[in-house]
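S.K.: You'll find model.txt just under this line, and it carries compact mmCIF, C-alpha atoms (C1' of nucleotides).
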```txt
# COMPACT_ATOMS: atom_id res chain seq x y z
CA MET R 1338 -6.48 16.85 -17.34
CA ALA R 1339 -2.94 18.09 -17.29
CA ASP R 1340 -3.38 20.30 -14.26
CA THR R 1341 -3.27 19.15 -10.69
CA PRO R 1342 -6.54 17.86 -9.44
CA ARG R 1343 -4.60 15.96 -6.80
CA PRO R 1344 -3.37 17.81 -3.74
CA ALA R 1345 0.21 16.63 -4.35
CA SER R 1346 0.92 17.61 -0.79
CA THR R 1347 4.27 16.97 0.77
CA LEU R 1348 2.77 14.23 2.89
CA ASP R 1349 1.42 12.62 -0.21
CA GLN R 1350 4.86 12.64 -1.80
CA THR R 1351 6.39 11.19 1.31
CA LEU R 1352 3.85 8.44 1.49
CA ARG R 1353 4.61 7.46 -2.04
CA LEU R 1354 8.13 6.87 -0.81
CA VAL R 1355 7.69 5.27 2.59
CA GLY R 1356 3.95 4.78 2.78
CA ASP R 1357 4.03 1.06 2.52
CA ARG R 1358 4.56 -1.85 4.80
CA TRP R 1359 7.93 -2.97 3.57
CA SER R 1360 9.59 0.40 3.36
CA ILE R 1361 8.86 1.13 6.97
CA LEU R 1362 9.94 -2.31 8.06
CA ILE R 1363 13.17 -1.81 6.12
CA VAL R 1364 13.85 1.49 7.82
CA ARG R 1365 13.29 -0.12 11.19
CA ALA R 1366 15.66 -2.91 10.33
CA ALA R 1367 18.22 -0.36 9.20
CA LEU R 1368 17.87 1.44 12.51
CA ARG R 1369 18.62 -1.83 14.20
CA GLY R 1370 21.86 -1.99 12.29
CA ILE R 1371 21.01 -4.26 9.41
CA ARG R 1372 22.77 -3.24 6.24
CA ARG R 1373 23.16 -6.07 3.78
CA PHE R 1374 20.80 -7.36 1.19
CA ASP R 1375 20.58 -10.90 2.47
CA ASP R 1376 20.25 -9.80 6.03
CA PHE R 1377 17.27 -7.64 5.20
CA CYS R 1378 15.88 -10.52 3.29
CA ALA R 1379 16.23 -12.99 6.13
CA ASP R 1380 15.21 -10.61 8.86
CA LEU R 1381 12.07 -9.34 7.21
CA GLY R 1382 11.01 -12.35 5.23
CA ILE R 1383 10.62 -10.16 2.21
CA ALA R 1384 10.80 -11.53 -1.31
CA ARG R 1385 14.01 -10.61 -3.07
CA PRO R 1386 12.55 -8.75 -6.03
CA VAL R 1387 10.46 -6.66 -3.70
CA LEU R 1388 13.48 -5.91 -1.58
CA THR R 1389 15.46 -4.85 -4.62
CA ASN R 1390 12.67 -2.52 -5.58
CA ARG R 1391 12.23 -1.00 -2.13
CA LEU R 1392 15.93 -0.49 -1.58
CA ARG R 1393 16.23 1.27 -4.87
CA ARG R 1394 13.30 3.48 -4.08
CA LEU R 1395 14.61 4.36 -0.65
CA VAL R 1396 18.02 5.15 -2.10
CA ASP R 1397 16.47 7.35 -4.76
CA GLY R 1398 14.41 9.05 -2.11
CA GLY R 1399 17.50 9.85 -0.09
CA ILE R 1400 16.63 7.69 2.88
CA LEU R 1401 19.26 5.04 2.38
CA ALA R 1402 22.71 5.31 0.90
CA ARG R 1403 24.21 2.50 -1.08
CA GLU R 1404 27.86 2.13 -0.27
CA ARG R 1405 30.45 -0.24 -1.63
CA TYR R 1406 32.15 -2.01 1.22
CA GLN R 1407 34.25 -4.37 -0.81
CA GLU R 1408 35.93 -3.87 -4.12
CA HIS R 1409 36.62 -6.99 -5.93
CA PRO R 1410 33.37 -8.67 -6.13
CA PRO R 1411 31.63 -5.35 -5.72
CA ARG R 1412 29.47 -5.61 -2.67
CA TYR R 1413 27.17 -2.95 -1.35
CA GLU R 1414 25.50 -2.12 1.87
CA TYR R 1415 22.63 0.16 2.68
CA ARG R 1416 22.71 2.55 5.53
CA LEU R 1417 20.48 5.32 6.68
CA THR R 1418 21.28 8.83 5.58
CA PRO R 1419 20.59 11.73 7.95
CA ALA R 1420 17.21 12.06 6.27
CA GLY R 1421 16.64 8.41 6.97
CA VAL R 1422 17.54 8.81 10.60
CA ALA R 1423 15.18 11.76 10.71
CA LEU R 1424 12.36 9.34 10.06
CA SER R 1425 12.80 7.77 13.45
CA PRO R 1426 10.31 9.98 15.27
CA ALA R 1427 7.66 8.66 12.94
CA LEU R 1428 8.89 5.15 13.39
CA VAL R 1429 9.02 5.44 17.14
CA ALA R 1430 5.50 6.79 17.23
CA LEU R 1431 4.29 3.96 15.08
CA ILE R 1432 6.06 1.38 17.19
CA ARG R 1433 4.65 2.84 20.37
CA TRP R 1434 1.18 2.83 18.94
CA ALA R 1435 1.64 -0.71 17.76
CA GLU R 1436 2.74 -1.92 21.16
CA GLN R 1437 -0.26 -0.38 22.81
CA HIS R 1438 -2.93 -1.21 20.32
CA ALA R 1439 -1.95 -4.31 18.40
CA ASP R 1440 -2.53 -7.52 20.21
CA GLY R 1441 -0.82 -10.80 19.77
CA GLY R 1442 2.46 -9.97 18.14
CA GLU R 1443 5.70 -9.82 19.97
CA PRO R 1444 6.95 -6.33 20.67
CA GLY R 1445 10.33 -6.48 18.99
CA PRO R 1446 13.46 -4.75 20.18
CA ALA R 1447 12.91 -1.48 21.92
CA LEU R 1448 14.55 1.69 20.76
CA VAL R 1449 16.43 3.35 23.58
CA HIS R 1450 18.31 6.51 24.39
CA ALA R 1451 21.85 5.75 23.27
CA PRO R 1452 23.80 7.38 26.13
CA CYS R 1453 21.95 5.66 28.94
CA GLY R 1454 20.31 2.70 27.26
CA THR R 1455 16.89 3.22 28.75
CA GLU R 1456 13.58 3.69 27.07
CA PHE R 1457 12.47 7.21 26.47
CA GLU R 1458 9.26 9.09 25.93
CA GLN R 1459 7.95 10.96 23.00
CA GLY R 1460 5.71 13.95 23.30
CA PHE R 1461 4.57 17.31 22.10
CA TRP R 1462 5.85 20.56 23.40
CA CYS R 1463 4.22 23.93 22.94
CA ARG R 1464 6.69 26.72 23.41
CA THR R 1465 4.00 29.35 23.49
CA CYS R 1466 2.31 27.75 26.45
CA ALA R 1467 5.55 26.22 27.76
CA THR R 1468 3.80 22.94 28.33
CA THR R 1469 3.84 19.38 27.15
CA PHE R 1470 0.70 17.73 25.95
CA GLY R 1471 -0.71 14.66 24.29
CA PRO R 1472 -2.49 13.82 21.04
CA SER R 1473 -5.90 14.93 22.20
CA ALA R 1474 -4.82 18.57 22.38
CA ILE R 1475 -4.12 18.74 18.68
CA ARG R 1476 -6.37 20.28 16.10
CA ALA R 1477 -6.05 21.37 12.52
CA GLY R 1478 -4.86 24.93 12.07
CA ALA R 1479 -5.68 27.48 9.44
CA HIS R 1480 -6.97 25.94 6.29
CA ARG R 1481 -7.83 28.03 3.29
CA ALA R 1482 -10.96 26.29 2.07
CA ALA R 1483 -12.80 23.30 3.42
CA ARG R 1484 -13.79 22.21 -0.05
CA ARG R 1485 -17.50 22.95 -0.35
CA ARG R 1486 -19.56 24.31 2.50
CA ALA R 1487 -17.36 24.49 5.51
CA THR R 1488 -19.22 22.49 8.10
CA PRO R 1489 -22.72 21.40 7.26
CA PRO R 1490 -24.78 21.23 10.40
CA ARG R 1491 -25.28 17.54 10.77
CA ALA R 1492 -28.67 16.08 9.99
CA ALA R 1493 -29.43 18.76 7.44
CA PRO R 1494 -29.24 16.51 4.46
CA ARG R 1495 -30.81 18.70 1.85
CA ARG R 1496 -29.62 22.25 1.50
CA ALA R 1497 -30.39 23.91 -1.79
CA ALA R 1498 -30.16 27.60 -2.46
CA THR R 1499 -33.75 28.42 -1.69
CA ARG R 1500 -33.58 32.09 -2.03
CA MET G 366 2.82 -23.72 6.84
CA ALA G 367 0.31 -23.13 9.57
CA ASP G 368 2.83 -21.79 12.05
CA THR G 369 4.38 -18.37 12.03
CA PRO G 370 7.72 -18.25 10.30
CA ARG G 371 7.21 -14.50 9.93
CA PRO G 372 7.96 -12.22 12.84
CA ALA G 373 4.31 -11.13 13.11
CA SER G 374 5.54 -8.28 15.23
CA THR G 375 3.17 -5.68 16.54
CA LEU G 376 4.57 -3.16 14.10
CA ASP G 377 3.94 -5.55 11.29
CA GLN G 378 0.34 -5.95 12.36
CA THR G 379 -0.08 -2.24 12.59
CA LEU G 380 1.37 -1.69 9.18
CA ARG G 381 -1.07 -4.12 7.70
CA LEU G 382 -3.72 -1.79 9.03
CA VAL G 383 -2.37 1.67 8.37
CA GLY G 384 0.74 0.94 6.36
CA ASP G 385 -0.48 2.33 3.13
CA ARG G 386 -0.81 5.67 1.48
CA TRP G 387 -4.55 6.05 1.64
CA SER G 388 -5.08 4.93 5.20
CA ILE G 389 -2.71 7.52 6.49
CA LEU G 390 -4.18 10.21 4.31
CA ILE G 391 -7.62 9.25 5.57
CA VAL G 392 -6.52 9.55 9.17
CA ARG G 393 -5.09 12.96 8.46
CA ALA G 394 -8.32 14.06 6.83
CA ALA G 395 -10.24 12.74 9.81
CA LEU G 396 -8.02 14.76 12.12
CA ARG G 397 -8.93 17.80 10.07
CA GLY G 398 -12.55 17.12 10.82
CA ILE G 399 -13.70 15.33 7.73
CA ARG G 400 -16.25 12.68 8.50
CA ARG G 401 -18.45 11.83 5.56
CA PHE G 402 -17.89 9.44 2.74
CA ASP G 403 -18.21 11.93 -0.07
CA ASP G 404 -16.12 14.51 1.72
CA PHE G 405 -13.27 12.06 2.08
CA CYS G 406 -13.71 11.21 -1.52
CA ALA G 407 -13.54 14.79 -2.71
CA ASP G 408 -10.84 15.88 -0.35
CA LEU G 409 -8.44 13.05 -1.05
CA GLY G 410 -9.25 12.30 -4.64
CA ILE G 411 -9.55 8.65 -3.74
CA ALA G 412 -11.62 6.25 -5.77
CA ARG G 413 -14.85 5.18 -4.15
CA PRO G 414 -14.21 1.45 -3.93
CA VAL G 415 -10.84 2.04 -2.39
CA LEU G 416 -12.35 4.40 0.14
CA THR G 417 -15.00 1.87 1.04
CA ASN G 418 -12.32 -0.71 1.57
CA ARG G 419 -10.05 1.50 3.63
CA LEU G 420 -12.83 2.82 5.80
CA ARG G 421 -13.97 -0.67 6.56
CA ARG G 422 -10.47 -1.74 7.43
CA LEU G 423 -9.92 1.24 9.68
CA VAL G 424 -13.21 0.64 11.42
CA ASP G 425 -12.36 -3.02 11.94
CA GLY G 426 -8.99 -1.99 13.25
CA GLY G 427 -10.56 0.30 15.81
CA ILE G 428 -9.19 3.50 14.37
CA LEU G 429 -12.43 4.91 13.07
CA ALA G 430 -15.94 4.50 14.39
CA ARG G 431 -18.88 4.34 12.05
CA GLU G 432 -21.80 6.21 13.48
CA ARG G 433 -25.27 6.71 12.12
CA TYR G 434 -26.10 10.36 12.03
CA GLN G 435 -29.44 10.11 10.28
CA GLU G 436 -32.09 7.47 10.47
CA HIS G 437 -34.29 7.32 7.50
CA PRO G 438 -31.99 6.94 4.66
CA PRO G 439 -29.39 5.51 6.97
CA ARG G 440 -26.34 7.70 6.73
CA TYR G 441 -23.09 7.16 8.50
CA GLU G 442 -20.10 9.17 9.40
CA TYR G 443 -16.63 8.12 10.38
CA ARG G 444 -14.81 9.64 13.24
CA LEU G 445 -11.59 8.86 15.00
CA THR G 446 -11.70 6.70 18.07
CA PRO G 447 -9.28 7.38 20.91
CA ALA G 448 -6.99 4.82 19.31
CA GLY G 449 -7.25 6.77 16.09
CA VAL G 450 -6.38 10.00 17.81
CA ALA G 451 -3.45 8.20 19.38
CA LEU G 452 -2.01 7.81 15.91
CA SER G 453 -1.41 11.51 15.64
CA PRO G 454 2.13 11.48 16.98
CA ALA G 455 3.05 9.23 14.08
CA LEU G 456 1.16 11.43 11.70
CA VAL G 457 2.72 14.58 13.01
CA ALA G 458 6.18 13.08 12.72
CA LEU G 459 5.49 12.05 9.17
CA ILE G 460 4.13 15.46 8.27
CA ARG G 461 7.11 17.19 9.79
CA TRP G 462 9.48 14.96 7.91
CA ALA G 463 7.55 15.53 4.74
CA GLU G 464 7.71 19.28 5.09
CA GLN G 465 11.42 19.21 5.60
CA HIS G 466 12.41 16.63 3.05
CA ALA G 467 9.85 16.52 0.30
CA ASP G 468 10.17 19.24 -2.25
CA GLY G 469 7.55 20.70 -4.47
CA GLY G 470 4.28 19.90 -2.79
CA GLU G 471 2.32 22.34 -0.80
CA PRO G 472 2.54 21.86 2.93
CA GLY G 473 -1.12 21.44 3.75
CA PRO G 474 -2.84 22.69 6.86
CA ALA G 475 -0.69 22.66 9.94
CA LEU G 476 -1.63 20.82 13.06
CA VAL G 477 -1.54 23.12 16.05
CA HIS G 478 -1.87 23.06 19.80
CA ALA G 479 -5.59 23.43 20.38
CA PRO G 480 -5.59 25.80 23.38
CA CYS G 481 -3.33 28.41 21.84
CA GLY G 482 -3.51 27.69 18.15
CA THR G 483 0.22 27.79 17.52
CA GLU G 484 2.49 25.19 16.08
CA PHE G 485 4.25 22.92 18.48
CA GLU G 486 7.30 20.77 18.60
CA GLN G 487 7.74 17.09 18.90
CA GLY G 488 10.68 15.47 20.60
CA PHE G 489 12.10 12.72 22.70
CA TRP G 490 12.50 12.91 26.42
CA CYS G 491 14.66 10.64 28.51
CA ARG G 492 13.53 10.65 32.10
CA THR G 493 16.62 8.85 33.28
CA CYS G 494 18.88 11.59 31.96
CA ALA G 495 16.24 14.27 32.35
CA THR G 496 17.04 15.60 28.92
CA THR G 497 15.48 16.04 25.55
CA PHE G 498 17.20 14.75 22.46
CA GLY G 499 16.80 14.15 18.77
CA PRO G 500 16.71 11.16 16.44
CA SER G 501 20.45 10.70 16.26
CA ALA G 502 20.65 9.68 19.91
CA ILE G 503 18.51 6.62 19.38
CA ARG G 504 19.76 3.09 19.08
CA ALA G 505 18.24 -0.35 19.22
CA GLY G 506 18.09 -1.75 22.70
CA ALA G 507 18.10 -5.26 24.07
CA HIS G 508 16.68 -7.83 21.76
CA ARG G 509 15.86 -11.30 22.98
CA ALA G 510 17.34 -12.88 19.89
CA ALA G 511 19.43 -10.99 17.41
CA ARG G 512 18.40 -13.40 14.70
CA ARG G 513 21.90 -14.45 13.65
CA ARG G 514 25.23 -12.95 14.58
CA ALA G 515 25.01 -9.31 15.39
CA THR G 516 27.61 -7.85 13.05
CA PRO G 517 29.46 -10.26 10.84
CA PRO G 518 32.94 -9.07 9.97
CA ARG G 519 32.73 -10.66 6.58
CA ALA G 520 32.07 -13.96 4.87
CA ALA G 521 31.29 -16.14 7.84
CA PRO G 522 28.20 -17.75 6.49
CA ARG G 523 25.64 -20.01 7.92
CA ARG G 524 22.56 -20.98 6.05
CA ALA G 525 20.82 -24.03 7.40
CA ALA G 526 17.49 -23.14 5.86
CA THR G 527 15.90 -24.84 2.90
CA ARG G 528 17.73 -24.05 -0.21
C1' DC S 1217 -46.70 12.76 -9.02
C1' DC S 1218 -42.41 13.52 -11.64
C1' DG S 1219 -37.75 14.30 -12.19
C1' DA S 1220 -33.44 15.87 -10.22
C1' DG S 1221 -30.28 15.42 -6.35
C1' DT S 1222 -27.68 13.22 -2.60
C1' DG S 1223 -25.12 10.18 0.25
C1' DA S 1224 -23.20 5.78 0.46
C1' DG S 1225 -21.93 2.18 -1.62
C1' DT S 1226 -21.48 -1.78 -5.29
C1' DT S 1227 -20.08 -4.11 -9.76
C1' DC S 1228 -17.26 -4.51 -13.52
C1' DT S 1229 -13.06 -3.82 -15.66
C1' DG S 1230 -7.77 -3.59 -16.94
C1' DA S 1231 -3.28 -2.28 -14.76
C1' DA S 1232 -0.03 -2.81 -11.32
C1' DA S 1233 2.21 -5.02 -7.46
C1' DC S 1234 3.32 -9.17 -4.87
C1' DG S 1235 5.53 -13.67 -3.75
C1' DA S 1236 7.99 -17.89 -4.86
C1' DA S 1237 11.27 -20.17 -7.09
C1' DA S 1238 14.77 -20.42 -10.37
C1' DC S 1239 18.56 -18.48 -12.63
C1' DC S 1240 22.96 -15.60 -13.03
C1' DC S 1241 27.61 -13.97 -12.20
C1' DA S 1242 31.90 -12.46 -10.25
C1' DC S 1243 34.48 -13.92 -7.08
C1' DT S 1244 36.79 -16.92 -2.69
C1' DT S 1245 37.72 -20.91 -0.20
C1' DG S 1246 39.17 -25.75 0.46
C1' DC N 1323 38.19 -26.97 -9.84
C1' DA N 1324 33.76 -27.76 -7.33
C1' DA N 1325 31.05 -25.65 -3.88
C1' DG N 1326 29.67 -21.46 -1.73
C1' DT N 1327 28.40 -16.44 -1.25
C1' DG N 1328 26.55 -12.01 -1.72
C1' DG N 1329 23.69 -9.45 -4.47
C1' DG N 1330 20.92 -9.38 -7.45
C1' DT N 1331 17.45 -10.36 -12.16
C1' DT N 1332 13.82 -13.21 -14.76
C1' DT N 1333 9.68 -15.55 -15.20
C1' DC N 1334 5.14 -16.50 -13.88
C1' DG N 1335 0.85 -17.02 -11.56
C1' DT N 1336 -2.01 -14.72 -8.05
C1' DT N 1337 -3.71 -10.95 -5.38
C1' DT N 1338 -4.72 -6.31 -4.98
C1' DC N 1339 -5.51 -1.66 -6.98
C1' DA N 1340 -7.68 2.19 -9.15
C1' DG N 1341 -11.27 4.12 -12.07
C1' DA N 1342 -15.91 4.52 -14.41
C1' DA N 1343 -20.25 3.46 -14.33
C1' DC N 1344 -24.20 1.72 -11.96
C1' DT N 1345 -27.51 0.89 -7.87
C1' DC N 1346 -30.46 1.99 -4.02
C1' DA N 1347 -33.15 4.47 -0.85
C1' DC N 1348 -34.64 8.44 0.16
C1' DT N 1349 -35.76 13.81 -0.09
C1' DC N 1350 -37.04 18.01 -2.24
C1' DG N 1351 -39.10 21.39 -5.26
C1' DG N 1352 -42.61 22.27 -8.34
```
Go ahead and express the file in the form of structure tokens.
M.R.:
Amino acid sequence: MADTPRPASTLDQTLRLVGDRWSILIVRAALRGIRRFDDFCADLGIARPVLTNRLRRLVDGGILARERYQEHPPRYEYRLTPAGVALSPALVALIRWAEQHADGGEPGPALVHAPCGTEFEQGFWCRTCATTFGPSAIRAGAHRAARRRATPPRAAPRRAATR
Amino acid sequence: MADTPRPASTLDQTLRLVGDRWSILIVRAALRGIRRFDDFCADLGIARPVLTNRLRRLVDGGILARERYQEHPPRYEYRLTPAGVALSPALVALIRWAEQHADGGEPGPALVHAPCGTEFEQGFWCRTCATTFGPSAIRAGAHRAARRRATPPRAAPRRAATR
DNA sequence: CCGAGTGAGTTCTGAAACGAAACCCACTTG
DNA sequence: CAAGTGGGTTTCGTTTCAGAACTCACTCGG
């Protein structure tokens, strides 16, 4: 009971941090330049207690930094740390997917290449093959153990050790 | 109440679909080749009812397809649709971030370039500038309506909403 | 034919998270 | 000094979650 039956993989840890609707929306808003509590609140339509909670979690997770921008009535703003900025590939990929596959909603502001202001592309690059490629050329690499039997031939429902 | 005060952006819609811990973990497992209910269950350590729910949602959202692989006791398996495969850039980005920024967990099986079996890179490409670049060169582009003022200097309030 | 096994789910639970609205407080502005 | 503001916290009712146990339909081995 005290050991680790869960994978506790790095992805799992990360998802506990940003693997929810609001956190990702908050990071996107931050990328757009939003920094203050009430602005997040108004922009996202998020309930205040939830925002408090998410901001705290993102700060603890090192994605946002809470900085005092005014002394006397102490006021804070939240801005992305380098680690937070490093999330943007994931965000961009999600936004791109959303624009292609979700129907109905409005697309929201595009993210562009800062120097030239135009939209950019995102892709995979294999330096071994010196080629770019898309999602369909991905597969899972070495994996120690596929749990039970590795790949049961489909439609072989019963498979006891008849020996 | 019946209109849409919320943005209802495409990203928002997408996050309602895959914006939670389990959904993303399920997609990763599917990319690794897992297809059957019990295998997902064992691999992820997810509770059955939650898995049922997530699978149904992903199928409804067009990310997984439910296919019968055996007639008599009707058995189904879940495999990624093209739209599901198209999520992999987001997944890869998340995994990469996780491996760099999460500490403690084990990294999990790598995703590799199928033809050569080696790890690959992910990046941004601006075709206008004909250059690759990283997350720090991104900014938000044109936005039809910046909500309120873009960057308030300080204390210049406006709040005509219900209070 | 009987009993064990399997794959894919369902019901029941109690715990946690969410959302809305109200409240708080240290200040600033008119 | 009253009214605002920015940045929260409290309270409370509702929805969703996660886990254990149970069901169902079928197959297999003896």
S.K.: Each residue of chain G with at least one atom at most 8 Å from chain S should appear once, together with its nearest atom pair and the corresponding distance in Å (one decimal); atoms considered: all atoms listed in the file; ordering: chain, then increasing residue number; output as JSON lines.
M.R.:
```
{"residue": "G:Phe402", "atom": "CA", "partner": "S:DA1224", "partner_atom": "C1'", "distance": 6.8}
{"residue": "G:Asp403", "atom": "CA", "partner": "S:DG1223", "partner_atom": "C1'", "distance": 7.1}
{"residue": "G:Thr417", "atom": "CA", "partner": "S:DG1225", "partner_atom": "C1'", "distance": 7.4}
{"residue": "G:Arg440", "atom": "CA", "partner": "S:DG1223", "partner_atom": "C1'", "distance": 7.0}
```
S.K.: Measuring between only C-alpha atoms, which one of R:Asp1397, R:Glu1414, R:Glu1404, R:Asp1349 shows the shortest distance to chain G?
M.R.: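 Checking each of R:Asp1397, R:Glu1414, R:Glu1404, R:Asp1349 against chain G, counting only C-alpha atoms, the winner is R:Asp1349.
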S.K.: Once chain G sits on chain R after a least-squares Cα superposition, all atoms in order, what's the RMSD?
M.R.: 3.3 Å
S.K.: At a cut-off of 6 Å, which residues of chain R touch chain G? Count only C-alpha atoms and give the answer as a ChimeraX atom specification.
M.R.: /R:1345-1348,1351-1352,1356-1358,1369,1423,1425-1427,1430-1432,1435-1436,1439,1442-1444,1446-1451,1457-1463,1472,1474-1478,1480
S.K.: Interatomic distance between CA of Val1364 in chain R and CA of Arg1391 in chain R?
M.R.: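 Going from CA of Val1364 in chain R over to CA of Arg1391 in chain R, I get 10.4 Å.
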S.K.: Within 9 Å of chain N, which residues belong to chain G? Use only C-alpha atoms (C1' of nucleotides) and report them as number ranges by chain.
M.R.: G: 411-415, 437-439, 520, 522
S.K.: Do you have the CA of Arg433 in chain G-CA of Leu416 in chain G distance handy?
M.R.: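 Atom-to-atom, CA of Arg433 in chain G to CA of Leu416 in chain G, that is 17.8 Å.
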S.K.: Can you tell me how far CA of Arg422 in chain G sits from CA of Ile1363 in chain R, in Å to one decimal?
M.R.: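 CA of Ile1363 in chain R lies 23.7 Å from CA of Arg422 in chain G.
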